[in-house]
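Colleague: Contents of structure_34.csv (CSV, N, CA and C atoms):
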chain,number,residue,atom,x,y,z
A,9,MET,N,41.4,83.1,25.0
A,9,MET,CA,41.0,81.8,25.3
A,9,MET,C,42.1,81.0,26.0
A,10,LYS,N,43.4,81.2,25.5
A,10,LYS,CA,44.5,80.5,26.2
A,10,LYS,C,44.6,80.9,27.6
A,11,LEU,N,44.3,82.2,28.0
A,11,LEU,CA,44.3,82.6,29.4
A,11,LEU,C,43.3,81.7,30.2
A,12,PHE,N,42.1,81.5,29.7
A,12,PHE,CA,41.1,80.7,30.4
A,12,PHE,C,41.6,79.3,30.5
A,13,ILE,N,42.2,78.7,29.5
A,13,ILE,CA,42.7,77.4,29.5
A,13,ILE,C,43.8,77.3,30.6
A,14,ALA,N,44.7,78.2,30.6
A,14,ALA,CA,45.8,78.2,31.5
A,14,ALA,C,45.3,78.3,33.0
A,15,ALA,N,44.3,79.2,33.2
A,15,ALA,CA,43.7,79.3,34.5
A,15,ALA,C,43.0,78.1,34.9
A,16,ALA,N,42.3,77.4,34.1
A,16,ALA,CA,41.6,76.2,34.4
A,16,ALA,C,42.6,75.1,34.7
A,17,LEU,N,43.6,75.0,33.9
A,17,LEU,CA,44.6,74.0,34.2
A,17,LEU,C,45.3,74.2,35.5
A,18,ALA,N,45.7,75.4,35.7
A,18,ALA,CA,46.4,75.7,36.9
A,18,ALA,C,45.6,75.4,38.2
A,19,VAL,N,44.3,75.6,38.0
A,19,VAL,CA,43.5,75.3,39.2
A,19,VAL,C,43.4,73.8,39.5
A,20,ALA,N,43.6,73.1,38.3
A,20,ALA,CA,43.4,71.7,38.5
A,20,ALA,C,44.4,71.0,39.4
A,21,PHE,N,45.2,71.6,40.4
A,21,PHE,CA,46.1,71.0,41.4
A,21,PHE,C,46.0,71.6,42.8
A,22,THR,N,46.3,71.1,44.8
A,22,THR,CA,46.8,71.6,46.2
A,22,THR,C,46.3,70.9,47.4
A,23,ALA,N,46.3,69.8,51.1
A,23,ALA,CA,46.1,69.4,52.4
A,23,ALA,C,46.6,70.5,53.3
A,24,PRO,N,46.2,70.7,54.4
A,24,PRO,CA,46.6,71.8,55.2
A,24,PRO,C,48.1,71.9,55.3
A,25,ALA,N,48.6,73.1,55.3
A,25,ALA,CA,50.1,73.3,55.3
A,25,ALA,C,50.7,72.6,56.5
A,26,SER,N,50.0,72.6,57.6
A,26,SER,CA,50.6,72.0,58.8
A,26,SER,C,50.7,70.4,58.7
A,27,ALA,N,49.9,69.8,57.9
A,27,ALA,CA,49.8,68.3,57.8
A,27,ALA,C,50.4,67.8,56.5
A,28,PHE,N,50.7,68.7,55.6
A,28,PHE,CA,51.0,68.2,54.2
A,28,PHE,C,52.5,68.1,54.1
A,29,ASP,N,53.0,67.0,53.5
A,29,ASP,CA,54.4,66.7,53.3
A,29,ASP,C,54.6,66.9,51.8
A,30,ASN,N,55.2,68.0,51.3
A,30,ASN,CA,55.2,68.2,49.9
A,30,ASN,C,56.2,67.3,49.1
A,31,ALA,N,56.8,66.4,49.8
A,31,ALA,CA,57.6,65.4,49.2
A,31,ALA,C,56.7,64.4,48.5
A,32,SER,N,55.4,64.4,48.8
A,32,SER,CA,54.4,63.5,48.3
A,32,SER,C,53.5,64.1,47.2
A,33,CYS,N,54.0,65.2,46.6
A,33,CYS,CA,53.2,66.0,45.7
A,33,CYS,C,52.6,65.1,44.5
A,34,LYS,N,53.4,64.3,43.9
A,34,LYS,CA,52.8,63.5,42.8
A,34,LYS,C,51.7,62.6,43.3
A,35,THR,N,51.9,61.9,44.4
A,35,THR,CA,50.9,61.0,44.9
A,35,THR,C,49.7,61.8,45.3
A,36,PHE,N,49.9,62.9,45.9
A,36,PHE,CA,48.7,63.8,46.3
A,36,PHE,C,47.9,64.2,45.1
A,37,LEU,N,48.5,64.6,44.1
A,37,LEU,CA,47.8,65.2,42.9
A,37,LEU,C,47.2,64.1,42.0
A,38,THR,N,47.7,62.9,42.1
A,38,THR,CA,47.2,61.8,41.3
A,38,THR,C,45.7,61.6,41.6
A,39,GLY,N,44.9,61.6,40.5
A,39,GLY,CA,43.4,61.5,40.7
A,39,GLY,C,42.7,62.4,39.8
A,40,SER,N,41.4,62.6,40.1
A,40,SER,CA,40.5,63.4,39.3
A,40,SER,C,40.2,64.7,40.0
A,41,TRP,N,40.2,65.8,39.3
A,41,TRP,CA,39.9,67.1,39.9
A,41,TRP,C,39.0,67.9,39.0
A,42,THR,N,38.2,68.8,39.6
A,42,THR,CA,37.3,69.6,38.9
A,42,THR,C,37.5,71.1,39.3
A,43,LEU,N,37.1,72.0,38.4
A,43,LEU,CA,37.2,73.4,38.6
A,43,LEU,C,36.0,74.0,37.9
A,44,GLU,N,35.4,74.9,38.6
A,44,GLU,CA,34.3,75.8,38.0
A,44,GLU,C,34.6,77.2,38.5
A,45,THR,N,34.6,78.1,37.5
A,45,THR,CA,34.9,79.5,37.9
A,45,THR,C,34.2,80.4,36.8
A,46,GLU,N,34.1,81.7,37.1
A,46,GLU,CA,33.7,82.7,36.2
A,46,GLU,C,34.7,83.8,36.2
A,47,ARG,N,35.2,84.1,35.0
A,47,ARG,CA,36.2,85.2,34.9
A,47,ARG,C,35.9,86.0,33.7
A,48,ASP,N,35.9,87.3,33.8
A,48,ASP,CA,35.7,88.2,32.7
A,48,ASP,C,34.6,87.8,31.8
A,49,GLY,N,33.5,87.4,32.5
A,49,GLY,CA,32.3,87.1,31.7
A,49,GLY,C,32.2,85.7,31.1
A,50,ALA,N,33.2,84.9,31.4
A,50,ALA,CA,33.3,83.6,30.9
A,50,ALA,C,33.1,82.6,32.0
A,51,LYS,N,32.3,81.6,31.8
A,51,LYS,CA,32.2,80.5,32.8
A,51,LYS,C,33.0,79.3,32.3
A,52,ILE,N,33.8,78.8,33.2
A,52,ILE,CA,34.8,77.7,32.9
A,52,ILE,C,34.5,76.5,33.7
A,53,LYS,N,34.3,75.4,33.1
A,53,LYS,CA,34.2,74.1,33.8
A,53,LYS,C,35.2,73.2,33.3
A,54,ALA,N,36.1,72.6,34.2
A,54,ALA,CA,37.1,71.7,33.7
A,54,ALA,C,37.1,70.5,34.6
A,55,ALA,N,37.4,69.4,33.9
A,55,ALA,CA,37.6,68.1,34.6
A,55,ALA,C,38.9,67.5,34.1
A,56,SER,N,39.8,67.2,35.1
A,56,SER,CA,41.1,66.7,34.8
A,56,SER,C,41.4,65.4,35.6
A,57,THR,N,42.1,64.5,34.9
A,57,THR,CA,42.5,63.2,35.6
A,57,THR,C,44.0,63.1,35.4
A,58,TYR,N,44.7,63.0,36.5
A,58,TYR,CA,46.2,62.8,36.5
A,58,TYR,C,46.5,61.4,37.0
A,59,LYS,N,47.1,60.6,36.1
A,59,LYS,CA,47.3,59.2,36.4
A,59,LYS,C,48.7,59.0,37.0
A,60,GLU,N,48.9,57.9,37.7
A,60,GLU,CA,50.2,57.5,38.3
A,60,GLU,C,51.2,57.3,37.2
A,61,ASP,N,50.8,56.9,36.1
A,61,ASP,CA,51.8,56.6,35.0
A,61,ASP,C,52.4,57.9,34.4
A,62,GLY,N,51.9,59.1,34.8
A,62,GLY,CA,52.4,60.4,34.3
A,62,GLY,C,51.6,60.9,33.1
A,63,THR,N,50.5,60.3,32.8
A,63,THR,CA,49.6,60.9,31.8
A,63,THR,C,48.4,61.6,32.3
A,64,PHE,N,47.9,62.5,31.6
A,64,PHE,CA,46.7,63.2,32.0
A,64,PHE,C,45.7,63.4,30.9
A,65,THR,N,44.4,63.6,31.2
A,65,THR,CA,43.4,64.0,30.3
A,65,THR,C,42.6,65.1,30.9
A,66,GLN,N,42.1,66.0,30.1
A,66,GLN,CA,41.4,67.2,30.6
A,66,GLN,C,40.3,67.5,29.5
A,67,THR,N,39.1,67.8,30.1
A,67,THR,CA,38.0,68.3,29.2
A,67,THR,C,37.6,69.7,29.8
A,68,MET,N,37.2,70.6,29.0
A,68,MET,CA,36.8,71.9,29.5
A,68,MET,C,35.6,72.4,28.6
A,69,ASN,N,34.8,73.2,29.3
A,69,ASN,CA,33.7,73.8,28.6
A,69,ASN,C,33.8,75.3,29.0
A,70,VAL,N,33.9,76.2,28.0
A,70,VAL,CA,33.9,77.6,28.3
A,70,VAL,C,32.7,78.2,27.6
A,71,THR,N,31.9,79.0,28.4
A,71,THR,CA,30.7,79.6,28.0
A,71,THR,C,31.0,81.1,28.1
A,72,MET,N,30.9,81.9,27.0
A,72,MET,CA,31.1,83.3,27.0
A,72,MET,C,29.7,84.0,26.9
A,73,ALA,N,29.7,85.2,27.4
A,73,ALA,CA,28.4,86.0,27.3
A,73,ALA,C,28.0,86.1,25.9
A,74,THR,N,28.9,86.2,24.9
A,74,THR,CA,28.6,86.3,23.5
A,74,THR,C,29.2,85.1,22.8
A,75,GLY,N,28.5,84.6,21.9
A,75,GLY,CA,29.1,83.5,21.1
A,75,GLY,C,28.7,82.1,21.7
A,76,PRO,N,29.0,81.1,20.9
A,76,PRO,CA,28.6,79.7,21.4
A,76,PRO,C,29.6,79.2,22.4
A,77,ALA,N,29.2,78.2,23.2
A,77,ALA,CA,30.1,77.6,24.2
A,77,ALA,C,31.2,76.8,23.4
A,78,GLN,N,32.3,76.7,24.0
A,78,GLN,CA,33.4,75.9,23.4
A,78,GLN,C,33.8,74.7,24.3
A,79,ASP,N,33.8,73.6,23.7
A,79,ASP,CA,34.3,72.4,24.4
A,79,ASP,C,35.7,72.0,23.9
A,80,MET,N,36.6,71.7,24.8
A,80,MET,CA,37.9,71.4,24.5
A,80,MET,C,38.4,70.2,25.2
A,81,SER,N,39.3,69.5,24.7
A,81,SER,CA,39.9,68.4,25.4
A,81,SER,C,41.4,68.3,25.0
A,82,ARG,N,42.2,67.8,25.9
A,82,ARG,CA,43.6,67.6,25.6
A,82,ARG,C,44.1,66.5,26.5
A,83,THR,N,45.3,65.9,26.1
A,83,THR,CA,46.0,64.9,26.8
A,83,THR,C,47.4,65.2,26.8
A,84,GLY,N,48.2,64.5,27.6
A,84,GLY,CA,49.6,64.8,27.6
A,84,GLY,C,50.2,64.1,28.8
A,85,THR,N,51.4,64.6,29.2
A,85,THR,CA,52.1,64.0,30.4
A,85,THR,C,52.2,65.1,31.5
A,86,TRP,N,52.4,64.6,32.7
A,86,TRP,CA,52.5,65.5,33.8
A,86,TRP,C,53.5,64.9,34.9
A,87,ASP,N,53.9,65.8,35.8
A,87,ASP,CA,54.7,65.4,36.9
A,87,ASP,C,54.6,66.4,38.0
A,88,ALA,N,55.0,66.1,39.2
A,88,ALA,CA,54.9,67.0,40.3
A,88,ALA,C,56.1,66.9,41.2
A,89,ALA,N,56.5,68.0,41.8
A,89,ALA,CA,57.6,68.0,42.8
A,89,ALA,C,57.3,68.9,43.9
A,90,PRO,N,58.1,68.9,45.0
A,90,PRO,CA,57.8,69.9,46.0
A,90,PRO,C,57.9,71.3,45.5
A,91,GLY,N,57.1,72.2,46.0
A,91,GLY,CA,57.1,73.6,45.7
A,91,GLY,C,58.1,74.3,46.6
A,92,SER,N,58.1,75.6,46.5
A,92,SER,CA,59.0,76.5,47.2
A,92,SER,C,58.7,76.6,48.7
A,93,LYS,N,57.5,76.2,49.1
A,93,LYS,CA,57.1,76.2,50.6
A,93,LYS,C,56.6,74.9,50.9
A,94,ALA,N,56.4,74.6,52.2
A,94,ALA,CA,56.0,73.3,52.7
A,94,ALA,C,54.6,73.0,52.2
A,95,ASP,N,53.7,73.9,52.0
A,95,ASP,CA,52.4,73.7,51.5
A,95,ASP,C,52.1,73.9,50.0
A,96,THR,N,53.2,73.7,49.2
A,96,THR,CA,53.1,73.9,47.8
A,96,THR,C,53.6,72.8,47.0
A,97,CYS,N,53.1,72.6,45.8
A,97,CYS,CA,53.6,71.6,44.9
A,97,CYS,C,53.9,72.3,43.5
A,98,SER,N,54.9,71.9,42.9
A,98,SER,CA,55.2,72.4,41.6
A,98,SER,C,54.7,71.4,40.6
A,99,ALA,N,53.7,71.8,39.8
A,99,ALA,CA,53.1,70.8,38.8
A,99,ALA,C,53.5,71.2,37.4
A,100,MET,N,54.0,70.2,36.7
A,100,MET,CA,54.5,70.4,35.4
A,100,MET,C,53.6,69.6,34.4
A,101,LEU,N,53.2,70.3,33.4
A,101,LEU,CA,52.3,69.7,32.4
A,101,LEU,C,52.9,69.9,31.0
A,102,SER,N,52.7,68.8,30.2
A,102,SER,CA,53.2,68.8,28.8
A,102,SER,C,52.0,68.3,28.0
A,103,PRO,N,51.1,69.2,27.6
A,103,PRO,CA,50.0,68.8,26.8
A,103,PRO,C,50.5,68.5,25.3
A,104,ALA,N,49.9,67.5,24.7
A,104,ALA,CA,50.3,67.1,23.4
A,104,ALA,C,50.1,68.3,22.4
A,105,GLY,N,51.1,68.7,21.7
A,105,GLY,CA,51.0,69.8,20.7
A,105,GLY,C,51.1,71.2,21.3
A,106,GLU,N,51.4,71.3,22.6
A,106,GLU,CA,51.5,72.6,23.3
A,106,GLU,C,52.9,72.7,24.0
A,107,GLU,N,53.2,73.9,24.4
A,107,GLU,CA,54.5,74.1,25.1
A,107,GLU,C,54.2,73.6,26.6
A,108,PRO,N,55.2,73.0,27.2
A,108,PRO,CA,55.1,72.5,28.6
A,108,PRO,C,55.0,73.8,29.5
A,109,SER,N,54.4,73.6,30.6
A,109,SER,CA,54.2,74.7,31.6
A,109,SER,C,54.4,74.1,33.0
A,110,THR,N,54.8,75.0,33.9
A,110,THR,CA,54.9,74.6,35.3
A,110,THR,C,54.2,75.7,36.1
A,111,ILE,N,53.5,75.2,37.2
A,111,ILE,CA,52.8,76.2,38.1
A,111,ILE,C,52.9,75.7,39.5
A,112,GLU,N,53.0,76.6,40.4
A,112,GLU,CA,53.1,76.3,41.8
A,112,GLU,C,51.7,76.4,42.4
A,113,LEU,N,51.3,75.3,43.0
A,113,LEU,CA,49.9,75.2,43.6
A,113,LEU,C,50.0,75.1,45.1
A,114,THR,N,49.1,75.8,45.7
A,114,THR,CA,49.0,75.8,47.2
A,114,THR,C,48.0,74.7,47.6
A,115,VAL,N,48.4,73.9,48.5
A,115,VAL,CA,47.5,72.9,49.1
A,115,VAL,C,46.6,73.5,50.2
A,116,VAL,N,45.3,73.6,49.9
A,116,VAL,CA,44.4,74.2,50.8
A,116,VAL,C,44.0,73.2,51.9
A,117,ASP,N,43.5,72.1,51.4
A,117,ASP,CA,43.2,70.9,52.3
A,117,ASP,C,43.3,69.7,51.5
A,118,GLU,N,42.9,68.5,52.1
A,118,GLU,CA,43.2,67.3,51.4
A,118,GLU,C,42.5,67.1,50.1
A,119,ASN,N,41.5,67.9,49.8
A,119,ASN,CA,40.7,67.8,48.6
A,119,ASN,C,40.7,69.1,47.8
A,120,THR,N,41.6,70.1,48.1
A,120,THR,CA,41.5,71.4,47.4
A,120,THR,C,42.9,71.9,47.2
A,121,VAL,N,43.2,72.4,46.0
A,121,VAL,CA,44.4,73.1,45.7
A,121,VAL,C,44.1,74.4,45.0
A,122,ALA,N,44.9,75.4,45.1
A,122,ALA,CA,44.7,76.7,44.5
A,122,ALA,C,45.9,77.2,43.7
A,123,ASN,N,45.6,77.8,42.6
A,123,ASN,CA,46.7,78.4,41.8
A,123,ASN,C,47.1,79.7,42.3
A,124,PRO,N,48.2,80.4,41.8
A,124,PRO,CA,48.6,81.7,42.3
A,124,PRO,C,47.5,82.8,42.2
A,125,ASP,N,46.5,82.6,41.4
A,125,ASP,CA,45.5,83.6,41.3
A,125,ASP,C,44.3,83.3,42.2
A,126,GLY,N,44.5,82.2,43.0
A,126,GLY,CA,43.4,81.9,44.0
A,126,GLY,C,42.3,81.0,43.5
A,127,LEU,N,42.4,80.6,42.2
A,127,LEU,CA,41.4,79.7,41.7
A,127,LEU,C,41.6,78.3,42.3
A,128,ALA,N,40.5,77.7,42.8
A,128,ALA,CA,40.6,76.4,43.4
A,128,ALA,C,40.1,75.2,42.6
A,129,SER,N,40.8,74.1,42.7
A,129,SER,CA,40.4,72.9,42.1
A,129,SER,C,40.0,71.9,43.2
A,130,HIS,N,39.0,71.1,43.0
A,130,HIS,CA,38.6,70.2,44.0
A,130,HIS,C,38.7,68.7,43.6
A,131,ARG,N,39.2,67.9,44.5
A,131,ARG,CA,39.3,66.5,44.2
A,131,ARG,C,38.0,65.8,44.0
A,132,VAL,N,37.8,65.0,43.0
A,132,VAL,CA,36.6,64.2,42.8
A,132,VAL,C,36.7,63.0,43.7
A,133,THR,N,35.8,62.9,44.7
A,133,THR,CA,35.9,61.8,45.6
A,133,THR,C,34.8,60.7,45.3
A,134,PRO,N,35.1,59.5,45.4
A,134,PRO,CA,34.1,58.4,45.1
A,134,PRO,C,32.9,58.5,46.0
Let's see the structure in the file written out as structure tokens.
Modeller:
Amino acid sequence: MKLFIAAALAVAFTAPASAFDNASCKTFLTGSWTLETERDGAKIKAASTYKEDGTFTQTMNVTMATGPAQDMSRTGTWDAAPGSKADTCSAMLSPAGEEPSTIELTVVDENTVANPDGLASHRVTP
């Protein structure tokens, strides 16, 4: 289950490389993001909101082929910095009661980011 949570969270972050200034990663990632994927027979739906003040909230629903669906939520703090390439951001998450983690996200376009496994998160636009 932790693998699914990590995958969903990682996806929750990435504008075209030619137009993206990764010095603006925190501003770029601030907002609400969604992820829907299917991995190893599990369907994952996640909704995350990353606020300017450095706090985040996340809800997830994981449906397995066997067993009941699981709903989870968590809160914590977050930050972002330029990644190792012009089109990447390094996202740092510190969920309450969990170990902090960092992941490098690739900016696909102005409303999409991808984690190293290629899972994409999409910005929720009004």
Colleague: Around the point (53.1, 68.5, 29.3), in the coordinates given by the file, pick out the residues reaching within 8 Å, counting all atoms listed in the file, and return them as a list in words.
Modeller: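 With a cut-off of 8 Å, the residues come to Thr83, Gly84, Thr85, Trp86, Asp87, Met100, Leu101, Ser102, Pro103, Ala104, Gly105, Glu106, Glu107, Pro108 and Ser109 of chain A.
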Colleague: I'd like the interatomic distance between atom CA of Asp125 of chain A and atom CA of Tyr58 of chain A, to a tenth of an Å.
Modeller: 21.4 Å
Colleague: Fewer than 2 positions away in the same chain doesn't count, so skip those; otherwise give me all residues within 6.5 Å of Ser98 of chain A, counting only N, CA and C atoms, as a PDB file with N, CA and C atoms, keeping the file's coordinate frame.
Modeller:
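Contents of the output file out_30.pdb:
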ATOM      1  N   ASP A  87      53.900  65.800  35.800  1.00  0.00           N
ATOM      2  CA  ASP A  87      54.700  65.400  36.900  1.00  0.00           C
ATOM      3  C   ASP A  87      54.600  66.400  38.000  1.00  0.00           C
ATOM      4  N   ALA A  88      55.000  66.100  39.200  1.00  0.00           N
ATOM      5  CA  ALA A  88      54.900  67.000  40.300  1.00  0.00           C
ATOM      6  C   ALA A  88      56.100  66.900  41.200  1.00  0.00           C
ATOM      7  N   ALA A  89      56.500  68.000  41.800  1.00  0.00           N
ATOM      8  CA  ALA A  89      57.600  68.000  42.800  1.00  0.00           C
ATOM      9  C   ALA A  89      57.300  68.900  43.900  1.00  0.00           C
ATOM     10  N   PRO A  90      58.100  68.900  45.000  1.00  0.00           N
ATOM     11  CA  PRO A  90      57.800  69.900  46.000  1.00  0.00           C
ATOM     12  C   PRO A  90      57.900  71.300  45.500  1.00  0.00           C
ATOM     13  N   GLY A  91      57.100  72.200  46.000  1.00  0.00           N
ATOM     14  CA  GLY A  91      57.100  73.600  45.700  1.00  0.00           C
ATOM     15  C   GLY A  91      58.100  74.300  46.600  1.00  0.00           C
ATOM     16  N   SER A  92      58.100  75.600  46.500  1.00  0.00           N
ATOM     17  CA  SER A  92      59.000  76.500  47.200  1.00  0.00           C
ATOM     18  C   SER A  92      58.700  76.600  48.700  1.00  0.00           C
ATOM     19  N   THR A  96      53.200  73.700  49.200  1.00  0.00           N
ATOM     20  CA  THR A  96      53.100  73.900  47.800  1.00  0.00           C
ATOM     21  C   THR A  96      53.600  72.800  47.000  1.00  0.00           C
ATOM     22  N   MET A 100      54.000  70.200  36.700  1.00  0.00           N
ATOM     23  CA  MET A 100      54.500  70.400  35.400  1.00  0.00           C
ATOM     24  C   MET A 100      53.600  69.600  34.400  1.00  0.00           C
ATOM     25  N   THR A 110      54.800  75.000  33.900  1.00  0.00           N
ATOM     26  CA  THR A 110      54.900  74.600  35.300  1.00  0.00           C
ATOM     27  C   THR A 110      54.200  75.700  36.100  1.00  0.00           C
ATOM     28  N   ILE A 111      53.500  75.200  37.200  1.00  0.00           N
ATOM     29  CA  ILE A 111      52.800  76.200  38.100  1.00  0.00           C
ATOM     30  C   ILE A 111      52.900  75.700  39.500  1.00  0.00           C
ATOM     31  N   GLU A 112      53.000  76.600  40.400  1.00  0.00           N
ATOM     32  CA  GLU A 112      53.100  76.300  41.800  1.00  0.00           C
ATOM     33  C   GLU A 112      51.700  76.400  42.400  1.00  0.00           C
ATOM     34  N   LEU A 113      51.300  75.300  43.000  1.00  0.00           N
ATOM     35  CA  LEU A 113      49.900  75.200  43.600  1.00  0.00           C
ATOM     36  C   LEU A 113      50.000  75.100  45.100  1.00  0.00           C
TER      37      LEU A 113
END
Colleague: Counting all atoms listed in the file, which of A:Asp29, A:Asp79, A:Asp95, A:Asp61 gets nearest to Val116 of chain A?
Modeller: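 Of the candidates, the smallest distance to Val116 of chain A is held by A:Asp95.
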Colleague: Going by DSSP on the backbone, which residues of segment 35-133 of chain A come out as strand (DSSP E)? List them as a PyMOL selection string.
Modeller: chain A and resi 39-47+50-58+63-72+78-90+96-103+109-117+120-122+128-131
Colleague: Per DSSP on the backbone, what are the helix (DSSP H, G or I) residues of chain A, as a list of chain:residue names?
Modeller: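 Listing helix (DSSP H, G or I) positions across chain A yields A:Lys10, A:Leu11, A:Phe12, A:Ile13, A:Ala14, A:Ala15, A:Ala16, A:Leu17, A:Ala18, A:Val19, A:Asn30, A:Ala31, A:Ser32, A:Cys33, A:Lys34, A:Thr35, A:Phe36, A:Leu37.
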Colleague: Go ahead and compute the interatomic distance for atom CA of Arg131 of chain A and atom CA of Ser32 of chain A, in Å to one decimal.
Modeller: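 Atom-to-atom, atom CA of Arg131 of chain A and atom CA of Ser32 of chain A are spaced 15.9 Å apart.
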Colleague: Between atom N of Met72 of chain A and atom CA of Ala50 of chain A, measure the distance and give it in Å to one decimal.
Modeller: 4.9 Å
Colleague: Looking at A:Leu127, A:Glu60, A:Gln78, A:Asn69, which one is nearest to Leu37 of chain A, with distances taken over only N, CA and C atoms?
Modeller: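 Counting only N, CA and C atoms, the residue closest to Leu37 of chain A is A:Glu60.
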Colleague: Of the residues A:Ala73, A:Lys34, A:Phe28, A:Asn119, which is the one nearest to Asp48 of chain A, using all atoms listed in the file?
Modeller: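 Distance minimum relative to Asp48 of chain A lands on A:Ala73.
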Colleague: From the list A:Ala94, A:Val70, A:Val121, A:Arg82, which residue is nearest Lys51 of chain A when using only C-alpha atoms?
Modeller: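 Looking only at the distances to Lys51 of chain A, the closest residue turns out to be A:Val70.
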